[in-house]
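The file input06.pdb contains PDB, C-alpha atoms:
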MODEL        1
ATOM      1  CA  MET A  85     -27.297  48.353   3.396  1.00  0.00           C
ATOM      2  CA  PHE A  86     -25.311  45.130   3.949  1.00  0.00           C
ATOM      3  CA  LYS A  87     -21.514  44.867   3.805  1.00  0.00           C
ATOM      4  CA  SER A  88     -21.491  41.068   3.577  1.00  0.00           C
ATOM      5  CA  ILE A  89     -24.072  38.502   2.525  1.00  0.00           C
ATOM      6  CA  LEU A  90     -23.998  34.706   2.517  1.00  0.00           C
ATOM      7  CA  ILE A  91     -25.997  32.852  -0.107  1.00  0.00           C
ATOM      8  CA  ALA A  92     -26.368  29.082  -0.039  1.00  0.00           C
ATOM      9  CA  VAL A  93     -26.893  27.563  -3.473  1.00  0.00           C
ATOM     10  CA  ASP A  94     -28.035  24.085  -4.405  1.00  0.00           C
ATOM     11  CA  GLY A  95     -29.042  24.480  -8.040  1.00  0.00           C
ATOM     12  CA  SER A  96     -32.776  24.639  -7.471  1.00  0.00           C
ATOM     13  CA  GLU A  97     -34.827  27.334  -9.187  1.00  0.00           C
ATOM     14  CA  HIS A  98     -35.465  28.907  -5.774  1.00  0.00           C
ATOM     15  CA  ALA A  99     -31.709  29.119  -5.119  1.00  0.00           C
ATOM     16  CA  LYS A 100     -31.145  30.711  -8.525  1.00  0.00           C
ATOM     17  CA  LYS A 101     -33.780  33.348  -7.740  1.00  0.00           C
ATOM     18  CA  ALA A 102     -32.178  33.894  -4.337  1.00  0.00           C
ATOM     19  CA  LEU A 103     -28.818  34.423  -6.063  1.00  0.00           C
ATOM     20  CA  GLU A 104     -30.426  37.129  -8.221  1.00  0.00           C
ATOM     21  CA  VAL A 105     -31.756  38.908  -5.114  1.00  0.00           C
ATOM     22  CA  ALA A 106     -28.414  38.630  -3.318  1.00  0.00           C
ATOM     23  CA  CYS A 107     -26.643  40.086  -6.362  1.00  0.00           C
ATOM     24  CA  GLN A 108     -29.066  43.017  -6.434  1.00  0.00           C
ATOM     25  CA  LEU A 109     -28.286  43.692  -2.771  1.00  0.00           C
ATOM     26  CA  VAL A 110     -24.507  43.651  -3.232  1.00  0.00           C
ATOM     27  CA  SER A 111     -24.297  45.348  -6.626  1.00  0.00           C
ATOM     28  CA  LYS A 112     -25.595  48.628  -5.171  1.00  0.00           C
ATOM     29  CA  GLU A 113     -23.066  48.513  -2.345  1.00  0.00           C
ATOM     30  CA  ASP A 114     -19.393  47.706  -2.065  1.00  0.00           C
ATOM     31  CA  ALA A 115     -20.338  44.471  -0.341  1.00  0.00           C
ATOM     32  CA  THR A 116     -18.940  40.944  -0.322  1.00  0.00           C
ATOM     33  CA  LEU A 117     -21.074  38.064  -1.541  1.00  0.00           C
ATOM     34  CA  HIS A 118     -20.149  34.725   0.026  1.00  0.00           C
ATOM     35  CA  ILE A 119     -21.444  31.800  -2.025  1.00  0.00           C
ATOM     36  CA  LEU A 120     -21.745  28.520  -0.111  1.00  0.00           C
ATOM     37  CA  HIS A 121     -22.488  25.133  -1.627  1.00  0.00           C
ATOM     38  CA  ILE A 122     -23.112  21.982   0.399  1.00  0.00           C
ATOM     39  CA  PRO A 123     -23.786  18.830  -1.635  1.00  0.00           C
ATOM     40  CA  GLU A 124     -26.833  17.259  -0.013  1.00  0.00           C
ATOM     41  CA  ALA A 125     -27.368  13.514   0.228  1.00  0.00           C
ATOM     42  CA  LEU A 126     -30.891  12.690  -0.914  1.00  0.00           C
ATOM     43  CA  SER A 127     -30.934   8.966  -0.443  1.00  0.00           C
ATOM     44  CA  HIS A 128     -28.551   6.110   0.046  1.00  0.00           C
ATOM     45  CA  GLU A 129     -27.648   6.271  -3.641  1.00  0.00           C
ATOM     46  CA  THR A 130     -27.173   9.885  -4.781  1.00  0.00           C
ATOM     47  CA  THR A 131     -25.847  13.295  -3.855  1.00  0.00           C
ATOM     48  CA  LEU A 132     -27.119  16.485  -5.487  1.00  0.00           C
ATOM     49  CA  VAL A 133     -24.732  18.874  -7.117  1.00  0.00           C
ATOM     50  CA  TRP A 134     -25.933  22.204  -8.526  1.00  0.00           C
ATOM     51  CA  GLY A 135     -26.112  22.433 -12.289  1.00  0.00           C
ATOM     52  CA  ILE A 136     -24.850  18.888 -12.631  1.00  0.00           C
ATOM     53  CA  GLY A 137     -27.580  16.727 -11.131  1.00  0.00           C
ATOM     54  CA  ALA A 138     -27.266  13.586  -9.084  1.00  0.00           C
ATOM     55  CA  ILE A 139     -23.928  11.872  -8.625  1.00  0.00           C
ATOM     56  CA  ALA A 140     -23.651   8.343  -7.301  1.00  0.00           C
ATOM     57  CA  ILE A 141     -22.682   8.490  -3.648  1.00  0.00           C
ATOM     58  CA  GLU A 142     -20.125   5.753  -4.123  1.00  0.00           C
ATOM     59  CA  SER A 143     -18.249   8.109  -6.428  1.00  0.00           C
ATOM     60  CA  SER A 144     -14.817   8.929  -5.167  1.00  0.00           C
ATOM     61  CA  ARG A 145     -14.285  11.901  -2.887  1.00  0.00           C
ATOM     62  CA  GLU A 146     -12.300  13.504  -5.723  1.00  0.00           C
ATOM     63  CA  VAL A 147     -15.268  13.250  -8.120  1.00  0.00           C
ATOM     64  CA  LEU A 148     -17.607  14.838  -5.575  1.00  0.00           C
ATOM     65  CA  GLU A 149     -15.081  17.556  -4.760  1.00  0.00           C
ATOM     66  CA  GLU A 150     -14.611  18.394  -8.460  1.00  0.00           C
ATOM     67  CA  ALA A 151     -18.390  18.535  -8.955  1.00  0.00           C
ATOM     68  CA  GLY A 152     -18.712  20.859  -5.967  1.00  0.00           C
ATOM     69  CA  LYS A 153     -15.988  23.121  -7.349  1.00  0.00           C
ATOM     70  CA  SER A 154     -17.880  23.259 -10.634  1.00  0.00           C
ATOM     71  CA  VAL A 155     -21.032  24.300  -8.795  1.00  0.00           C
ATOM     72  CA  ILE A 156     -19.216  27.100  -6.998  1.00  0.00           C
ATOM     73  CA  GLU A 157     -17.577  28.239 -10.232  1.00  0.00           C
ATOM     74  CA  ARG A 158     -20.923  28.411 -12.063  1.00  0.00           C
ATOM     75  CA  ALA A 159     -22.608  30.297  -9.233  1.00  0.00           C
ATOM     76  CA  SER A 160     -19.678  32.701  -8.991  1.00  0.00           C
ATOM     77  CA  GLU A 161     -19.749  33.391 -12.733  1.00  0.00           C
ATOM     78  CA  ALA A 162     -23.503  33.979 -12.579  1.00  0.00           C
ATOM     79  CA  ALA A 163     -23.086  36.360  -9.619  1.00  0.00           C
ATOM     80  CA  ARG A 164     -20.397  38.371 -11.402  1.00  0.00           C
ATOM     81  CA  SER A 165     -22.537  38.598 -14.532  1.00  0.00           C
ATOM     82  CA  MET A 166     -25.330  40.026 -12.346  1.00  0.00           C
ATOM     83  CA  GLY A 167     -23.098  42.759 -10.937  1.00  0.00           C
ATOM     84  CA  ALA A 168     -21.488  41.274  -7.827  1.00  0.00           C
ATOM     85  CA  SER A 169     -17.907  42.518  -7.794  1.00  0.00           C
ATOM     86  CA  HIS A 170     -16.635  41.006  -4.519  1.00  0.00           C
ATOM     87  CA  VAL A 171     -17.370  37.274  -4.536  1.00  0.00           C
ATOM     88  CA  GLU A 172     -15.889  34.642  -2.240  1.00  0.00           C
ATOM     89  CA  THR A 173     -16.753  30.972  -2.542  1.00  0.00           C
ATOM     90  CA  HIS A 174     -17.023  28.237   0.062  1.00  0.00           C
ATOM     91  CA  LEU A 175     -17.593  24.504  -0.317  1.00  0.00           C
ATOM     92  CA  SER A 176     -18.610  22.464   2.710  1.00  0.00           C
ATOM     93  CA  LYS A 177     -20.107  19.122   3.596  1.00  0.00           C
ATOM     94  CA  GLY A 178     -22.532  17.937   6.206  1.00  0.00           C
ATOM     95  CA  ASP A 179     -25.884  19.181   7.412  1.00  0.00           C
ATOM     96  CA  PRO A 180     -26.887  22.186   5.254  1.00  0.00           C
ATOM     97  CA  ALA A 181     -28.625  24.247   7.966  1.00  0.00           C
ATOM     98  CA  ARG A 182     -25.812  23.808  10.489  1.00  0.00           C
ATOM     99  CA  ASN A 183     -23.178  24.601   7.861  1.00  0.00           C
ATOM    100  CA  ILE A 184     -24.970  27.745   6.720  1.00  0.00           C
ATOM    101  CA  LEU A 185     -25.268  28.978  10.301  1.00  0.00           C
ATOM    102  CA  ARG A 186     -21.651  28.106  11.100  1.00  0.00           C
ATOM    103  CA  HIS A 187     -20.331  29.869   7.989  1.00  0.00           C
ATOM    104  CA  ALA A 188     -22.506  32.927   8.603  1.00  0.00           C
ATOM    105  CA  GLU A 189     -21.129  33.292  12.120  1.00  0.00           C
ATOM    106  CA  LYS A 190     -17.527  32.527  11.157  1.00  0.00           C
ATOM    107  CA  LEU A 191     -17.610  35.044   8.272  1.00  0.00           C
ATOM    108  CA  GLY A 192     -19.505  37.653  10.299  1.00  0.00           C
ATOM    109  CA  VAL A 193     -22.067  38.244   7.550  1.00  0.00           C
ATOM    110  CA  GLU A 194     -24.902  40.669   8.106  1.00  0.00           C
ATOM    111  CA  ALA A 195     -27.465  38.677   6.113  1.00  0.00           C
ATOM    112  CA  ILE A 196     -28.148  35.213   4.747  1.00  0.00           C
ATOM    113  CA  VAL A 197     -30.148  34.834   1.530  1.00  0.00           C
ATOM    114  CA  LEU A 198     -31.872  31.510   0.847  1.00  0.00           C
ATOM    115  CA  GLY A 199     -34.374  30.074  -1.567  1.00  0.00           C
ATOM    116  CA  SER A 200     -37.613  29.070   0.127  1.00  0.00           C
ATOM    117  CA  ARG A 201     -37.270  25.549  -1.184  1.00  0.00           C
ATOM    118  CA  GLY A 202     -34.279  23.578  -2.379  1.00  0.00           C
ATOM    119  CA  LEU A 203     -33.686  20.350  -4.219  1.00  0.00           C
ATOM    120  CA  GLY A 204     -34.272  18.268  -1.085  1.00  0.00           C
ATOM    121  CA  ASP A 205     -38.002  19.074  -0.793  1.00  0.00           C
ATOM    122  CA  PHE A 206     -39.054  15.616   0.417  1.00  0.00           C
ATOM    123  CA  ALA A 207     -36.562  15.658   3.283  1.00  0.00           C
ATOM    124  CA  GLY A 208     -37.782  19.158   4.126  1.00  0.00           C
ATOM    125  CA  LEU A 209     -41.300  17.843   4.553  1.00  0.00           C
ATOM    126  CA  MET A 210     -40.085  15.090   6.878  1.00  0.00           C
ATOM    127  CA  MET A 211     -37.470  16.925   8.977  1.00  0.00           C
ATOM    128  CA  GLY A 212     -38.107  20.632   8.483  1.00  0.00           C
ATOM    129  CA  SER A 213     -36.704  22.788   5.745  1.00  0.00           C
ATOM    130  CA  VAL A 214     -33.234  24.279   5.708  1.00  0.00           C
ATOM    131  CA  SER A 215     -34.664  27.777   5.265  1.00  0.00           C
ATOM    132  CA  HIS A 216     -36.947  27.290   8.287  1.00  0.00           C
ATOM    133  CA  LYS A 217     -34.094  26.059  10.498  1.00  0.00           C
ATOM    134  CA  VAL A 218     -31.767  28.878   9.404  1.00  0.00           C
ATOM    135  CA  THR A 219     -34.434  31.552   9.828  1.00  0.00           C
ATOM    136  CA  ASN A 220     -35.157  30.429  13.377  1.00  0.00           C
ATOM    137  CA  SER A 221     -31.528  30.065  14.473  1.00  0.00           C
ATOM    138  CA  ALA A 222     -29.513  32.745  12.675  1.00  0.00           C
ATOM    139  CA  LYS A 223     -28.039  35.653  14.610  1.00  0.00           C
ATOM    140  CA  CYS A 224     -28.224  37.909  11.541  1.00  0.00           C
ATOM    141  CA  SER A 225     -30.944  38.905   9.079  1.00  0.00           C
ATOM    142  CA  VAL A 226     -32.303  36.125   6.862  1.00  0.00           C
ATOM    143  CA  ILE A 227     -33.954  36.847   3.533  1.00  0.00           C
ATOM    144  CA  THR A 228     -36.003  33.991   2.114  1.00  0.00           C
ATOM    145  CA  VAL A 229     -36.810  34.257  -1.577  1.00  0.00           C
ATOM    146  CA  ARG A 230     -39.878  32.573  -3.047  1.00  0.00           C
TER     147      ARG A 230
ENDMDL
END

Now, as a test, write the supplied structure out as structure tokens.
Amino acid sequence: MFKSILIAVDGSEHAKKALEVACQLVSKEDATLHILHIPEALSHETTLVWGIGAIAIESSREVLEEAGKSVIERASEAARSMGASHVETHLSKGDPARNILRHAEKLGVEAIVLGSRGLGDFAGLMMGSVSHKVTNSAKCSVITVR
């Protein structure tokens, strides 16, 4: 059905469920699964990193980069264990919705898979959720997993 799918992961339960769905979609096809992680600043003090938790924002760039690599590695291992054979990983920084859209276009994916809610739920209430922004702006199919 799809030859390439982008999944954005943040470590939330919704993202983990979305990863399961994305793996089901690519395991039946010879498709590429692109896993994208964007550490998201929650407040002036912490940054979220999947599977690790909050890291002090004043941590060095190297510490944050290593944590991000760990996130990608864990998600990639999980995807492979669920049957995804072609996995590519991407680590980015900045606004999550814009980065997801930019990566989807740059990679030419046919679908984006997202969890309906991420770890930054409070910010989503105030500024609009990442999944809502991506769904309304993407040029490809978007699958939102509850």

Box time for range 185-191 of chain A: axis-aligned, enclosing all its listed atoms, 3 Å extra on each side; report centre and edge lengths in Å to one decimal, as JSON.
{"center_x": -21.4, "center_y": 31.6, "center_z": 10.1, "size_x": 13.7, "size_y": 12.9, "size_z": 10.1}

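The closest residue to Thr116 in chain A, picked from A:Arg230, A:Lys87, A:Lys177, A:Arg186 and counting all atoms listed in the file, is A:Lys87.
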
Take the PyMOL selection byres ((chain A and resi 154-159) around 9), apply it to the structure above, and return the hits as a PDB file with C-alpha atoms, in the frame of the given file.
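expr.pdb, written as the output of this step:
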ATOM      1  CA  VAL A  93     -26.893  27.563  -3.473  1.00  0.00           C
ATOM      2  CA  ASP A  94     -28.035  24.085  -4.405  1.00  0.00           C
ATOM      3  CA  GLY A  95     -29.042  24.480  -8.040  1.00  0.00           C
ATOM      4  CA  LYS A 100     -31.145  30.711  -8.525  1.00  0.00           C
ATOM      5  CA  LEU A 103     -28.818  34.423  -6.063  1.00  0.00           C
ATOM      6  CA  ILE A 119     -21.444  31.800  -2.025  1.00  0.00           C
ATOM      7  CA  LEU A 120     -21.745  28.520  -0.111  1.00  0.00           C
ATOM      8  CA  HIS A 121     -22.488  25.133  -1.627  1.00  0.00           C
ATOM      9  CA  VAL A 133     -24.732  18.874  -7.117  1.00  0.00           C
ATOM     10  CA  TRP A 134     -25.933  22.204  -8.526  1.00  0.00           C
ATOM     11  CA  GLY A 135     -26.112  22.433 -12.289  1.00  0.00           C
ATOM     12  CA  ILE A 136     -24.850  18.888 -12.631  1.00  0.00           C
ATOM     13  CA  GLU A 149     -15.081  17.556  -4.760  1.00  0.00           C
ATOM     14  CA  GLU A 150     -14.611  18.394  -8.460  1.00  0.00           C
ATOM     15  CA  ALA A 151     -18.390  18.535  -8.955  1.00  0.00           C
ATOM     16  CA  GLY A 152     -18.712  20.859  -5.967  1.00  0.00           C
ATOM     17  CA  LYS A 153     -15.988  23.121  -7.349  1.00  0.00           C
ATOM     18  CA  SER A 160     -19.678  32.701  -8.991  1.00  0.00           C
ATOM     19  CA  GLU A 161     -19.749  33.391 -12.733  1.00  0.00           C
ATOM     20  CA  ALA A 162     -23.503  33.979 -12.579  1.00  0.00           C
ATOM     21  CA  ALA A 163     -23.086  36.360  -9.619  1.00  0.00           C
ATOM     22  CA  ARG A 164     -20.397  38.371 -11.402  1.00  0.00           C
ATOM     23  CA  THR A 173     -16.753  30.972  -2.542  1.00  0.00           C
ATOM     24  CA  HIS A 174     -17.023  28.237   0.062  1.00  0.00           C
ATOM     25  CA  LEU A 175     -17.593  24.504  -0.317  1.00  0.00           C
TER      26      LEU A 175
END

Practice prompt. Give as a count of residues only the residues that the PyMOL selection byres ((chain A and resi 227) around 10) matches when applied to the coordinates above.
Written response: 18

Worksheet entry | d(CA of Gly167 in chain A, CA of Ser221 in chain A) in Å | 29.6 Å

Discussion item. I'd like to know which of A:Met85, A:Glu146, A:Met166, A:Glu172 is closest to His118 in chain A, using all atoms listed in the file.
Written reply: A:Glu172

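For Ser169 in chain A, the list of residues within 10 Å, based on all atoms listed in the file and with local chain neighbours fewer than 5 positions off taken out, reads Cys107, Val110, Ser111, Glu113, Asp114, Ala115, Thr116, Leu117, Ala163 and Arg164 of chain A.
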
Item to complete: Have a look at CA of Gly192 in chain A and CA of Ile89 in chain A and let me know their distance in Å, one decimal.
Response: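 Straight-line distance from CA of Gly192 in chain A to CA of Ile89 in chain A works out to 9.1 Å.
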
Worksheet item: Hey, what's within 9 Å of Arg182 in chain A if we count all atoms listed in the file and toss same-chain stuff fewer than 6 positions away? As a PyMOL selection string, please?
Response: chain A and resi 214+217-218

Worksheet item: At what distance in Å, to one decimal, does CA of Ala92 in chain A lie from CA of Pro180 in chain A?
Response: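 Interatomic distance, CA of Pro180 in chain A to CA of Ala92 in chain A: 8.7 Å.
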
Discussion item. Given only C-alpha atoms as the basis, pick out the residue of A:Leu109, A:Val171, A:Ala99, A:Leu90 nearest to Asn183 in chain A.
Written reply: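 So, comparing all the options, the nearest one is A:Leu90.
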
Fill in: Nearest to Ile122 in chain A, chosen from A:Lys223, A:His187, A:His98, A:His216, with all atoms listed in the file counted in the distances
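Among the listed residues, A:His187 lies closest to Ile122 in chain A.
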